[in-house]
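*Asks:* Sending over coords23.cif (mmCIF, C-alpha atoms).
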```
data_upload
#
loop_
_atom_site.group_PDB
_atom_site.id
_atom_site.type_symbol
_atom_site.label_atom_id
_atom_site.label_comp_id
_atom_site.auth_asym_id
_atom_site.auth_seq_id
_atom_site.Cartn_x
_atom_site.Cartn_y
_atom_site.Cartn_z
ATOM 1 C CA MET A 1 -192.983 -18.097 -97.866
ATOM 2 C CA HIS A 2 -196.201 -16.176 -98.402
ATOM 3 C CA ARG A 3 -195.542 -12.454 -98.865
ATOM 4 C CA PRO A 4 -198.228 -10.190 -97.380
ATOM 5 C CA SER A 5 -200.201 -7.707 -99.454
ATOM 6 C CA TYR A 6 -198.582 -4.289 -99.153
ATOM 7 C CA LEU A 7 -201.970 -2.582 -99.181
ATOM 8 C CA ALA A 8 -203.228 -4.852 -96.399
ATOM 9 C CA VAL A 9 -200.096 -4.145 -94.367
ATOM 10 C CA PHE A 10 -200.536 -0.400 -94.884
ATOM 11 C CA TRP A 11 -204.144 -0.548 -93.692
ATOM 12 C CA MET A 12 -203.020 -2.521 -90.659
ATOM 13 C CA PHE A 13 -200.448 0.193 -89.879
ATOM 14 C CA ALA A 14 -203.114 2.881 -90.339
ATOM 15 C CA ARG A 15 -205.600 1.088 -88.098
ATOM 16 C CA ASN A 16 -203.055 0.458 -85.360
ATOM 17 C CA SER A 17 -201.914 4.080 -85.517
ATOM 18 C CA LEU A 18 -205.491 5.301 -85.201
ATOM 19 C CA ILE A 19 -206.047 3.064 -82.172
ATOM 20 C CA ARG A 20 -202.857 4.435 -80.600
ATOM 21 C CA ASP A 21 -203.875 8.051 -81.301
ATOM 22 C CA MET A 22 -207.352 7.484 -79.852
ATOM 23 C CA THR A 23 -205.828 5.881 -76.762
ATOM 24 C CA PHE A 24 -204.006 9.158 -76.057
ATOM 25 C CA ARG A 25 -206.771 11.505 -77.155
ATOM 26 C CA THR A 26 -205.546 14.554 -75.299
ATOM 27 C CA ASN A 27 -202.206 14.387 -77.051
ATOM 28 C CA TYR A 28 -204.004 13.903 -80.379
ATOM 29 C CA ILE A 29 -206.233 16.934 -79.781
ATOM 30 C CA ILE A 30 -203.245 19.088 -78.817
ATOM 31 C CA GLU A 31 -201.398 18.060 -81.980
ATOM 32 C CA VAL A 32 -204.468 18.917 -84.072
ATOM 33 C CA ILE A 33 -204.882 22.310 -82.399
ATOM 34 C CA PHE A 34 -201.222 23.223 -82.829
ATOM 35 C CA GLY A 35 -201.125 22.058 -86.447
ATOM 36 C CA VAL A 36 -204.291 23.833 -87.525
ATOM 37 C CA SER A 37 -203.334 26.971 -85.564
ATOM 38 C CA TRP A 38 -199.992 27.156 -87.350
ATOM 39 C CA ALA A 39 -201.708 26.833 -90.733
ATOM 40 C CA LEU A 40 -204.269 29.523 -89.856
ATOM 41 C CA MET A 41 -201.571 31.883 -88.566
ATOM 42 C CA ASN A 42 -199.642 31.419 -91.800
ATOM 43 C CA LEU A 43 -202.784 32.175 -93.791
ATOM 44 C CA GLY A 44 -203.535 35.197 -91.617
ATOM 45 C CA PHE A 45 -200.015 36.539 -92.116
ATOM 46 C CA TYR A 46 -200.366 36.587 -95.899
ATOM 47 C CA THR A 47 -203.920 37.912 -95.677
ATOM 48 C CA LEU A 48 -202.540 40.874 -93.744
ATOM 49 C CA ILE A 49 -199.778 41.396 -96.316
ATOM 50 C CA TYR A 50 -202.253 41.477 -99.201
ATOM 51 C CA ARG A 51 -204.581 43.783 -97.278
ATOM 52 C CA LEU A 52 -201.750 46.257 -96.778
ATOM 53 C CA MET A 53 -200.684 45.945 -100.420
ATOM 54 C CA TYR A 54 -204.235 46.611 -101.619
ATOM 55 C CA ALA A 55 -204.482 49.628 -99.317
ATOM 56 C CA ASP A 56 -201.249 51.108 -100.688
ATOM 57 C CA GLY A 57 -201.652 50.066 -104.319
ATOM 58 C CA ASP A 58 -204.078 50.162 -107.218
ATOM 59 C CA GLY A 59 -206.176 47.151 -106.317
ATOM 60 C CA HIS A 60 -204.022 44.655 -108.255
ATOM 61 C CA ALA A 61 -201.606 43.525 -105.554
ATOM 62 C CA SER A 62 -199.527 40.429 -106.187
ATOM 63 C CA ILE A 63 -196.518 38.597 -104.806
ATOM 64 C CA ALA A 64 -194.176 37.611 -107.631
ATOM 65 C CA GLY A 65 -197.128 37.553 -110.024
ATOM 66 C CA TRP A 66 -199.460 35.672 -107.668
ATOM 67 C CA SER A 67 -202.675 37.515 -106.835
ATOM 68 C CA GLN A 68 -204.246 37.068 -103.405
ATOM 69 C CA TYR A 69 -206.483 34.108 -104.189
ATOM 70 C CA GLU A 70 -203.895 32.510 -106.456
ATOM 71 C CA PHE A 71 -201.490 32.687 -103.543
ATOM 72 C CA PHE A 72 -204.112 31.193 -101.253
ATOM 73 C CA VAL A 73 -204.152 28.210 -103.610
ATOM 74 C CA PHE A 74 -200.366 28.131 -103.202
ATOM 75 C CA ILE A 75 -200.734 28.170 -99.398
ATOM 76 C CA ALA A 76 -203.402 25.461 -99.528
ATOM 77 C CA THR A 77 -201.116 23.306 -101.664
ATOM 78 C CA THR A 78 -198.281 23.866 -99.192
ATOM 79 C CA ILE A 79 -200.497 22.772 -96.297
ATOM 80 C CA LEU A 80 -201.757 19.770 -98.268
ATOM 81 C CA VAL A 81 -198.360 18.444 -99.366
ATOM 82 C CA ASN A 82 -196.693 19.009 -96.001
ATOM 83 C CA SER A 83 -199.622 17.405 -94.183
ATOM 84 C CA LEU A 84 -199.340 14.305 -96.371
ATOM 85 C CA VAL A 85 -195.611 14.104 -95.657
ATOM 86 C CA GLU A 86 -196.199 14.662 -91.946
ATOM 87 C CA GLY A 87 -199.024 12.160 -91.771
ATOM 88 C CA LEU A 88 -197.338 9.358 -93.691
ATOM 89 C CA PHE A 89 -193.588 9.645 -93.363
ATOM 90 C CA MET A 90 -192.193 12.160 -90.890
ATOM 91 C CA ALA A 91 -192.526 10.185 -87.649
ATOM 92 C CA ASN A 92 -191.102 7.096 -89.353
ATOM 93 C CA ALA A 93 -188.064 8.922 -90.717
ATOM 94 C CA GLU A 94 -187.393 10.363 -87.263
ATOM 95 C CA GLU A 95 -187.611 6.852 -85.797
ATOM 96 C CA LEU A 96 -185.073 5.322 -88.197
ATOM 97 C CA SER A 97 -182.111 6.735 -86.261
ATOM 98 C CA GLU A 98 -183.460 5.220 -83.036
ATOM 99 C CA LEU A 99 -184.079 1.861 -84.722
ATOM 100 C CA THR A 100 -180.464 1.829 -85.864
ATOM 101 C CA ARG A 101 -179.083 2.793 -82.458
ATOM 102 C CA THR A 102 -181.147 0.300 -80.465
ATOM 103 C CA GLY A 103 -181.011 -2.570 -82.937
ATOM 104 C CA GLY A 104 -184.720 -2.384 -83.737
ATOM 105 C CA LEU A 105 -183.810 -2.389 -87.415
ATOM 106 C CA ASP A 106 -182.852 -6.065 -86.974
ATOM 107 C CA PHE A 107 -186.528 -6.974 -86.639
ATOM 108 C CA ALA A 108 -187.481 -4.936 -89.713
ATOM 109 C CA LEU A 109 -184.870 -6.740 -91.787
ATOM 110 C CA LEU A 110 -186.256 -10.117 -90.711
ATOM 111 C CA LYS A 111 -189.800 -9.350 -91.888
ATOM 112 C CA PRO A 112 -190.935 -10.878 -95.236
ATOM 113 C CA ILE A 113 -191.607 -7.422 -96.662
ATOM 114 C CA ASP A 114 -189.562 -4.636 -98.170
ATOM 115 C CA THR A 115 -187.587 -2.927 -95.393
ATOM 116 C CA GLN A 116 -187.925 0.580 -96.790
ATOM 117 C CA PHE A 117 -191.695 0.191 -97.034
ATOM 118 C CA LEU A 118 -191.817 -1.105 -93.471
ATOM 119 C CA VAL A 119 -189.736 1.635 -91.862
ATOM 120 C CA SER A 120 -191.380 4.382 -93.953
ATOM 121 C CA LEU A 121 -195.029 3.640 -93.200
ATOM 122 C CA GLN A 122 -195.286 1.704 -89.958
ATOM 123 C CA ARG A 123 -196.670 4.702 -88.082
ATOM 124 C CA ILE A 124 -199.386 6.979 -89.514
ATOM 125 C CA ASN A 125 -199.960 10.383 -87.919
ATOM 126 C CA TRP A 126 -203.730 10.898 -87.986
ATOM 127 C CA SER A 127 -203.445 14.401 -86.528
ATOM 128 C CA ALA A 128 -202.524 15.588 -90.036
ATOM 129 C CA ILE A 129 -206.058 14.858 -91.317
ATOM 130 C CA PRO A 130 -207.660 18.126 -90.068
ATOM 131 C CA LYS A 131 -204.971 20.143 -91.882
ATOM 132 C CA ILE A 132 -205.726 18.250 -95.084
ATOM 133 C CA VAL A 133 -209.412 19.146 -94.646
ATOM 134 C CA LEU A 134 -208.406 22.780 -94.034
ATOM 135 C CA ALA A 135 -206.330 22.801 -97.228
ATOM 136 C CA ILE A 136 -209.213 21.423 -99.290
ATOM 137 C CA ALA A 137 -211.589 23.999 -97.769
ATOM 138 C CA LEU A 138 -209.147 26.802 -98.611
ATOM 139 C CA LEU A 139 -208.942 25.553 -102.201
ATOM 140 C CA ALA A 140 -212.736 25.482 -102.449
ATOM 141 C CA TYR A 141 -212.881 29.042 -101.081
ATOM 142 C CA SER A 142 -210.090 30.505 -103.218
ATOM 143 C CA ILE A 143 -210.524 28.974 -106.678
ATOM 144 C CA PRO A 144 -213.927 30.585 -107.482
ATOM 145 C CA ARG A 145 -212.503 33.982 -106.476
ATOM 146 C CA ILE A 146 -209.557 33.932 -108.888
ATOM 147 C CA GLU A 147 -210.374 36.517 -111.504
ATOM 148 C CA GLY A 148 -210.641 35.169 -115.032
ATOM 149 C CA LEU A 149 -209.906 31.549 -114.105
ATOM 150 C CA THR A 150 -211.809 28.848 -115.956
ATOM 151 C CA LEU A 151 -210.770 25.369 -114.919
ATOM 152 C CA SER A 152 -210.480 22.592 -117.455
ATOM 153 C CA PRO A 153 -210.915 18.870 -116.692
ATOM 154 C CA ILE A 154 -207.180 18.284 -117.194
ATOM 155 C CA GLN A 155 -206.400 20.633 -114.297
ATOM 156 C CA PHE A 156 -208.551 18.536 -111.953
ATOM 157 C CA VAL A 157 -206.573 15.484 -113.068
ATOM 158 C CA LEU A 158 -203.107 17.050 -112.989
ATOM 159 C CA TYR A 159 -203.432 18.812 -109.639
ATOM 160 C CA PRO A 160 -203.774 15.720 -107.399
ATOM 161 C CA LEU A 161 -201.202 13.950 -109.560
ATOM 162 C CA TYR A 162 -198.644 16.710 -108.963
ATOM 163 C CA VAL A 163 -199.540 16.889 -105.269
ATOM 164 C CA ILE A 164 -198.642 13.204 -105.023
ATOM 165 C CA MET A 165 -195.423 13.841 -106.954
ATOM 166 C CA GLY A 166 -194.485 16.693 -104.627
ATOM 167 C CA THR A 167 -195.157 14.497 -101.612
ATOM 168 C CA LEU A 168 -192.932 11.764 -103.037
ATOM 169 C CA ILE A 169 -190.103 14.206 -103.750
ATOM 170 C CA LEU A 170 -190.154 15.446 -100.153
ATOM 171 C CA TYR A 171 -190.287 11.862 -98.920
ATOM 172 C CA SER A 172 -187.284 10.971 -101.067
ATOM 173 C CA VAL A 173 -185.192 13.768 -99.588
ATOM 174 C CA MET A 174 -186.331 12.867 -96.069
ATOM 175 C CA ILE A 175 -185.672 9.122 -96.255
ATOM 176 C CA ALA A 176 -182.286 9.629 -97.944
ATOM 177 C CA LEU A 177 -181.186 11.932 -95.130
ATOM 178 C CA ALA A 178 -182.682 9.636 -92.483
ATOM 179 C CA ALA A 179 -180.828 6.637 -93.970
ATOM 180 C CA THR A 180 -177.512 8.324 -93.218
ATOM 181 C CA SER A 181 -178.147 7.424 -89.560
ATOM 182 C CA ILE A 182 -177.200 3.857 -90.493
ATOM 183 C CA TRP A 183 -173.724 5.133 -91.355
ATOM 184 C CA LEU A 184 -173.441 7.803 -88.679
ATOM 185 C CA GLY A 185 -175.394 6.335 -85.773
ATOM 186 C CA ARG A 186 -177.128 9.641 -85.134
ATOM 187 C CA ASN A 187 -177.756 12.267 -87.795
ATOM 188 C CA GLN A 188 -179.864 14.957 -86.171
ATOM 189 C CA SER A 189 -177.943 17.775 -87.877
ATOM 190 C CA LEU A 190 -178.368 16.204 -91.308
ATOM 191 C CA TYR A 191 -182.040 15.506 -90.637
ATOM 192 C CA ASP A 192 -182.512 19.142 -89.604
ATOM 193 C CA PHE A 193 -181.085 20.023 -93.017
ATOM 194 C CA TRP A 194 -184.307 18.635 -94.494
ATOM 195 C CA PHE A 195 -186.305 21.374 -92.765
ATOM 196 C CA TYR A 196 -183.882 24.046 -93.945
ATOM 197 C CA ILE A 197 -184.012 23.149 -97.620
ATOM 198 C CA THR A 198 -187.755 22.469 -97.679
ATOM 199 C CA ASN A 199 -188.348 26.040 -96.513
ATOM 200 C CA PHE A 200 -187.483 27.066 -100.077
ATOM 201 C CA SER A 201 -190.569 25.220 -101.321
ATOM 202 C CA ARG A 202 -192.910 27.409 -99.273
ATOM 203 C CA TYR A 203 -192.522 30.408 -101.596
ATOM 204 C CA PRO A 204 -193.182 30.973 -105.314
ATOM 205 C CA MET A 205 -190.105 30.233 -107.396
ATOM 206 C CA GLU A 206 -190.529 33.616 -109.115
ATOM 207 C CA ILE A 207 -189.154 35.396 -106.039
ATOM 208 C CA TYR A 208 -185.762 33.767 -106.607
ATOM 209 C CA ALA A 209 -184.354 36.231 -109.130
ATOM 210 C CA GLY A 210 -181.260 38.377 -109.564
ATOM 211 C CA PRO A 211 -177.606 37.507 -108.987
ATOM 212 C CA PHE A 212 -178.301 35.686 -105.720
ATOM 213 C CA GLY A 213 -181.793 34.337 -106.294
ATOM 214 C CA SER A 214 -181.339 32.885 -109.770
ATOM 215 C CA PRO A 215 -178.614 30.377 -108.773
ATOM 216 C CA LEU A 216 -180.811 29.253 -105.850
ATOM 217 C CA ARG A 217 -183.783 28.850 -108.168
ATOM 218 C CA TYR A 218 -181.745 26.804 -110.622
ATOM 219 C CA ALA A 219 -180.162 24.612 -107.920
ATOM 220 C CA PHE A 220 -183.418 23.910 -106.058
ATOM 221 C CA THR A 221 -185.297 23.217 -109.265
ATOM 222 C CA TYR A 222 -182.941 20.975 -111.224
ATOM 223 C CA PHE A 223 -180.451 19.554 -108.693
ATOM 224 C CA ILE A 224 -182.528 19.262 -105.530
ATOM 225 C CA PRO A 225 -186.042 19.663 -106.996
ATOM 226 C CA ILE A 226 -187.608 21.279 -103.944
ATOM 227 C CA LEU A 227 -189.120 24.223 -105.813
ATOM 228 C CA VAL A 228 -191.256 22.016 -108.064
ATOM 229 C CA VAL A 229 -192.945 20.418 -105.031
ATOM 230 C CA ILE A 230 -195.467 23.227 -104.439
ATOM 231 C CA ASN A 231 -195.006 25.531 -107.421
ATOM 232 C CA VAL A 232 -195.995 23.042 -110.119
ATOM 233 C CA PRO A 233 -199.280 21.767 -108.610
ATOM 234 C CA ALA A 234 -200.294 25.239 -107.380
ATOM 235 C CA ALA A 235 -199.624 26.859 -110.758
ATOM 236 C CA THR A 236 -201.373 23.981 -112.521
ATOM 237 C CA LEU A 237 -204.577 24.740 -110.609
ATOM 238 C CA ALA A 238 -204.454 28.492 -109.979
ATOM 239 C CA LYS A 239 -203.182 29.793 -113.317
ATOM 240 C CA PRO A 240 -204.263 29.121 -116.892
ATOM 241 C CA LEU A 241 -202.050 26.480 -118.470
ATOM 242 C CA SER A 242 -199.793 27.679 -121.277
ATOM 243 C CA ALA A 243 -197.181 26.110 -123.508
ATOM 244 C CA ALA A 244 -194.464 27.677 -121.332
ATOM 245 C CA ASP A 245 -195.646 25.652 -118.321
ATOM 246 C CA TRP A 246 -195.297 22.194 -119.845
ATOM 247 C CA PRO A 247 -191.479 21.835 -119.755
ATOM 248 C CA LEU A 248 -191.419 22.369 -115.975
ATOM 249 C CA ALA A 249 -194.474 20.153 -115.541
ATOM 250 C CA GLY A 250 -192.720 17.429 -117.515
ATOM 251 C CA PHE A 251 -189.557 17.878 -115.497
ATOM 252 C CA ALA A 252 -191.584 17.387 -112.289
ATOM 253 C CA LEU A 253 -192.407 13.862 -113.453
ATOM 254 C CA PHE A 254 -188.748 13.153 -114.189
ATOM 255 C CA ALA A 255 -187.706 14.698 -110.848
ATOM 256 C CA THR A 256 -190.132 12.455 -108.958
ATOM 257 C CA VAL A 257 -188.844 9.271 -110.566
ATOM 258 C CA ALA A 258 -185.210 10.341 -110.188
ATOM 259 C CA SER A 259 -185.702 11.343 -106.539
ATOM 260 C CA LEU A 260 -187.345 8.036 -105.663
ATOM 261 C CA ALA A 261 -184.631 6.085 -107.475
ATOM 262 C CA PHE A 262 -181.837 8.034 -105.770
ATOM 263 C CA SER A 263 -183.366 7.697 -102.293
ATOM 264 C CA ARG A 264 -183.871 3.989 -102.902
ATOM 265 C CA TRP A 265 -180.215 3.641 -103.868
ATOM 266 C CA VAL A 266 -179.071 5.548 -100.770
ATOM 267 C CA PHE A 267 -181.291 3.443 -98.505
ATOM 268 C CA GLN A 268 -180.081 0.152 -99.986
ATOM 269 C CA ARG A 269 -176.438 1.230 -99.786
ATOM 270 C CA ALA A 270 -176.960 2.225 -96.161
ATOM 271 C CA LEU A 271 -178.476 -1.180 -95.353
ATOM 272 C CA LEU A 272 -175.377 -2.879 -96.768
ATOM 273 C CA SER A 273 -173.348 -1.025 -94.129
ATOM 274 C CA TYR A 274 -175.708 -1.874 -91.259
ATOM 275 C CA ARG A 275 -174.276 -3.982 -88.457
ATOM 276 C CA SER A 276 -176.724 -5.840 -86.252
ATOM 277 C CA ALA A 277 -176.936 -4.710 -82.647
ATOM 278 C CA SER A 278 -176.000 -8.255 -81.649
ATOM 279 C CA SER A 279 -172.833 -8.293 -83.775
#
```
Could you rewrite the structure in this file as structure tokens?
*Replies:*
Amino acid sequence: MHRPSYLAVFWMFARNSLIRDMTFRTNYIIEVIFGVSWALMNLGFYTLIYRLMYADGDGHASIAGWSQYEFFVFIATTILVNSLVEGLFMANAEELSELTRTGGLDFALLKPIDTQFLVSLQRINWSAIPKIVLAIALLAYSIPRIEGLTLSPIQFVLYPLYVIMGTLILYSVMIALAATSIWLGRNQSLYDFWFYITNFSRYPMEIYAGPFGSPLRYAFTYFIPILVVINVPAATLAKPLSAADWPLAGFALFATVASLAFSRWVFQRALLSYRSASS
């Protein structure tokens, strides 16, 4: 049997999703407005914090060693990675529980294409695109304003590479949790857990210090590698690279491969336990 090209299938999913979004344009516009507004409010919140810190300090305000424009790069990276996850995977992971409950997963299993690929990418959320544009604009605004920063060609190569790695790590956690719906029928509480743990990635890992913070930093770096998702690409672009940065950067590559392998194993094990709706 002829197996379809995965790239062609992905483009078909993307085109169909765009047609669906344009059919319900009002809903699309509302999603765009809400998404961009949330990102701008988050940016405004930290702008206010830095303004107050500059007013009360000596003109060298920082959050855990991140100056204002360095932190804006961090925020832009957060928006970029989360928008990629939202645009590509989030709606599909949410749908997996419903596919299991209604028997829709039967049809996915019958297709001559990898089931995980099919259920992970069959719906693309185009409303995430404006937030990606916003993130790129914020990077373009912030990077020239970072004092003393001179970018090297390797940083332009590593940054998008680590953004992709961070996106894949978040996807791995999401699809592994979503796959538990095959065992449990419904797993809303476990799926909500994804939002709880990914909140740790929204802040610089340097803030996790002391008797309570250090164990969290260690656990969410090396066991559940959430902290490398944003910190590594943002630091790669916003701060001069040093020899001390390379071990964590190397670990990010290992964490990406390990996360994908583990989520793949969980998904395949869950499929072995799946019982058809007709059985």
*Asks:* The PyMOL selection byres ((chain A and resi 25-41) around 9) - which residues does that actually catch in the file I just gave you? List them as a PyMOL selection string.
*Replies:* chain A and resi 20-24+42-46+75+79+126-131+134-135
*Asks:* Quick one: write out the picked residues with C-alpha atoms as a short mmCIF file (atom, residue, chain, number, x, y, z; two decimals), in the coordinates of the input?
*Replies:*
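Output contents, as saved in selection-v2.cif:
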```cif
data_model
loop_
_atom_site.label_atom_id
_atom_site.label_comp_id
_atom_site.auth_asym_id
_atom_site.auth_seq_id
_atom_site.Cartn_x
_atom_site.Cartn_y
_atom_site.Cartn_z
CA ARG A 20 -202.86 4.43 -80.60
CA ASP A 21 -203.88 8.05 -81.30
CA MET A 22 -207.35 7.48 -79.85
CA THR A 23 -205.83 5.88 -76.76
CA PHE A 24 -204.01 9.16 -76.06
CA ASN A 42 -199.64 31.42 -91.80
CA LEU A 43 -202.78 32.17 -93.79
CA GLY A 44 -203.54 35.20 -91.62
CA PHE A 45 -200.02 36.54 -92.12
CA TYR A 46 -200.37 36.59 -95.90
CA ILE A 75 -200.73 28.17 -99.40
CA ILE A 79 -200.50 22.77 -96.30
CA TRP A 126 -203.73 10.90 -87.99
CA SER A 127 -203.44 14.40 -86.53
CA ALA A 128 -202.52 15.59 -90.04
CA ILE A 129 -206.06 14.86 -91.32
CA PRO A 130 -207.66 18.13 -90.07
CA LYS A 131 -204.97 20.14 -91.88
CA LEU A 134 -208.41 22.78 -94.03
CA ALA A 135 -206.33 22.80 -97.23
#
```
*Asks:* Find the residues around Ala76 (chain A) up to 12 Å (all atoms listed in the file counted), leave out those fewer than 6 positions away in its own chain, and share them as an MDAnalysis selection string.
*Replies:* chainID A and resid 39:40 42:43 69:70 82:83 131:143 163 202 230:231 233:235 237:238
*Asks:* Just to be explicit: take each residue in the selection above, keep C-alpha atoms, and write the result as a JSON list (two decimals), in the coordinates of the input.
*Replies:*
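The result, written out as again13.json:
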```json
[["chain", "number", "residue", "atom", "x", "y", "z"],
["A", 39, "ALA", "CA", -201.71, 26.83, -90.73],
["A", 40, "LEU", "CA", -204.27, 29.52, -89.86],
["A", 42, "ASN", "CA", -199.64, 31.42, -91.80],
["A", 43, "LEU", "CA", -202.78, 32.17, -93.79],
["A", 69, "TYR", "CA", -206.48, 34.11, -104.19],
["A", 70, "GLU", "CA", -203.90, 32.51, -106.46],
["A", 82, "ASN", "CA", -196.69, 19.01, -96.00],
["A", 83, "SER", "CA", -199.62, 17.40, -94.18],
["A", 131, "LYS", "CA", -204.97, 20.14, -91.88],
["A", 132, "ILE", "CA", -205.73, 18.25, -95.08],
["A", 133, "VAL", "CA", -209.41, 19.15, -94.65],
["A", 134, "LEU", "CA", -208.41, 22.78, -94.03],
["A", 135, "ALA", "CA", -206.33, 22.80, -97.23],
["A", 136, "ILE", "CA", -209.21, 21.42, -99.29],
["A", 137, "ALA", "CA", -211.59, 24.00, -97.77],
["A", 138, "LEU", "CA", -209.15, 26.80, -98.61],
["A", 139, "LEU", "CA", -208.94, 25.55, -102.20],
["A", 140, "ALA", "CA", -212.74, 25.48, -102.45],
["A", 141, "TYR", "CA", -212.88, 29.04, -101.08],
["A", 142, "SER", "CA", -210.09, 30.50, -103.22],
["A", 143, "ILE", "CA", -210.52, 28.97, -106.68],
["A", 163, "VAL", "CA", -199.54, 16.89, -105.27],
["A", 202, "ARG", "CA", -192.91, 27.41, -99.27],
["A", 230, "ILE", "CA", -195.47, 23.23, -104.44],
["A", 231, "ASN", "CA", -195.01, 25.53, -107.42],
["A", 233, "PRO", "CA", -199.28, 21.77, -108.61],
["A", 234, "ALA", "CA", -200.29, 25.24, -107.38],
["A", 235, "ALA", "CA", -199.62, 26.86, -110.76],
["A", 237, "LEU", "CA", -204.58, 24.74, -110.61],
["A", 238, "ALA", "CA", -204.45, 28.49, -109.98]]
```
*Asks:* Around (-196.1, 18.8, -98.1), as given in the file, which residues come within 8 Å? Count all atoms listed in the file and list them as a VMD selection string.
*Replies:* chain A and resid 77 to 86 166 to 167 170 229 to 230
*Asks:* Which distance in Å separates CA of Leu248 (chain A) and CA of Pro225 (chain A), to one decimal?
*Replies:*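 CA of Pro225 (chain A) lies at a distance of 10.8 Å from CA of Leu248 (chain A).
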*Asks:* Could you tell me, as a ChimeraX atom specification, exactly which residues end up selected when the PyMOL selection byres ((chain A and resi 120) around 12) is applied to this structure?
*Replies:* /A:10,13,85-96,108,114-119,121-124,168,171-172,174-176,178-179,264,267
*Asks:* Have a look at A:Pro112, A:Pro240, A:Pro204, A:Pro211 and name the one nearest to Ile154 (chain A); count all atoms listed in the file.
*Replies:* A:Pro240
*Asks:* How many Å separate CA of Met205 (chain A) from CA of Gly250 (chain A)?
*Replies:*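 CA of Met205 (chain A) sits 16.5 Å away from CA of Gly250 (chain A).
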*Asks:* Go through A:Met53, A:Asn125, A:Phe220, A:Leu99 one by one, measure the shortest atom-to-atom distance of each to Asn199 (chain A) using only C-alpha atoms, and give the residue with the smallest value.
*Replies:*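 Going through A:Met53, A:Asn125, A:Phe220, A:Leu99 one by one, the smallest distance to Asn199 (chain A) is for A:Phe220.
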*Asks:* Please, what distance in Å, to one decimal, runs between CA of Ala252 (chain A) and CA of Tyr162 (chain A)?
*Replies:*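 Computed distance, CA of Ala252 (chain A) to CA of Tyr162 (chain A), equals 7.8 Å.
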*Asks:* Counting only C-alpha atoms, which residues come within 6 Å of (-180.0, 8.8, -90.6), with the point read in the file's coordinates, and could you list them as a VMD selection string?
*Replies:* chain A and resid 97 177 to 182 187
*Asks:* Only N, CA and C atoms needed: put region 166-177 of chain A from the block into a file as a compact mmCIF listing (two decimals), in the first residue's frame.
*Replies:*
```txt
# COMPACT_ATOMS: atom_id res chain seq x y z
N GLY A 166 12.91 23.25 22.56
CA GLY A 166 11.99 23.57 23.64
C GLY A 166 10.55 23.24 23.29
N THR A 167 10.17 23.51 22.05
CA THR A 167 8.83 23.18 21.58
C THR A 167 8.59 21.67 21.64
N LEU A 168 9.59 20.90 21.23
CA LEU A 168 9.45 19.45 21.23
C LEU A 168 9.40 18.88 22.65
N ILE A 169 10.12 19.49 23.58
CA ILE A 169 10.05 19.03 24.97
C ILE A 169 8.65 19.25 25.53
N LEU A 170 8.09 20.44 25.29
CA LEU A 170 6.74 20.71 25.77
C LEU A 170 5.72 19.78 25.10
N TYR A 171 5.91 19.53 23.82
CA TYR A 171 5.02 18.59 23.13
C TYR A 171 5.12 17.21 23.74
N SER A 172 6.32 16.78 24.07
CA SER A 172 6.50 15.44 24.64
C SER A 172 5.75 15.28 25.95
N VAL A 173 5.86 16.30 26.81
CA VAL A 173 5.13 16.25 28.08
C VAL A 173 3.63 16.24 27.83
N MET A 174 3.18 17.07 26.89
CA MET A 174 1.75 17.19 26.61
C MET A 174 1.18 15.89 26.05
N ILE A 175 1.83 15.30 25.05
CA ILE A 175 1.27 14.10 24.42
C ILE A 175 1.34 12.90 25.36
N ALA A 176 2.37 12.85 26.22
CA ALA A 176 2.45 11.75 27.19
C ALA A 176 1.29 11.82 28.18
N LEU A 177 0.99 13.04 28.65
CA LEU A 177 -0.14 13.20 29.57
C LEU A 177 -1.46 12.95 28.85
```
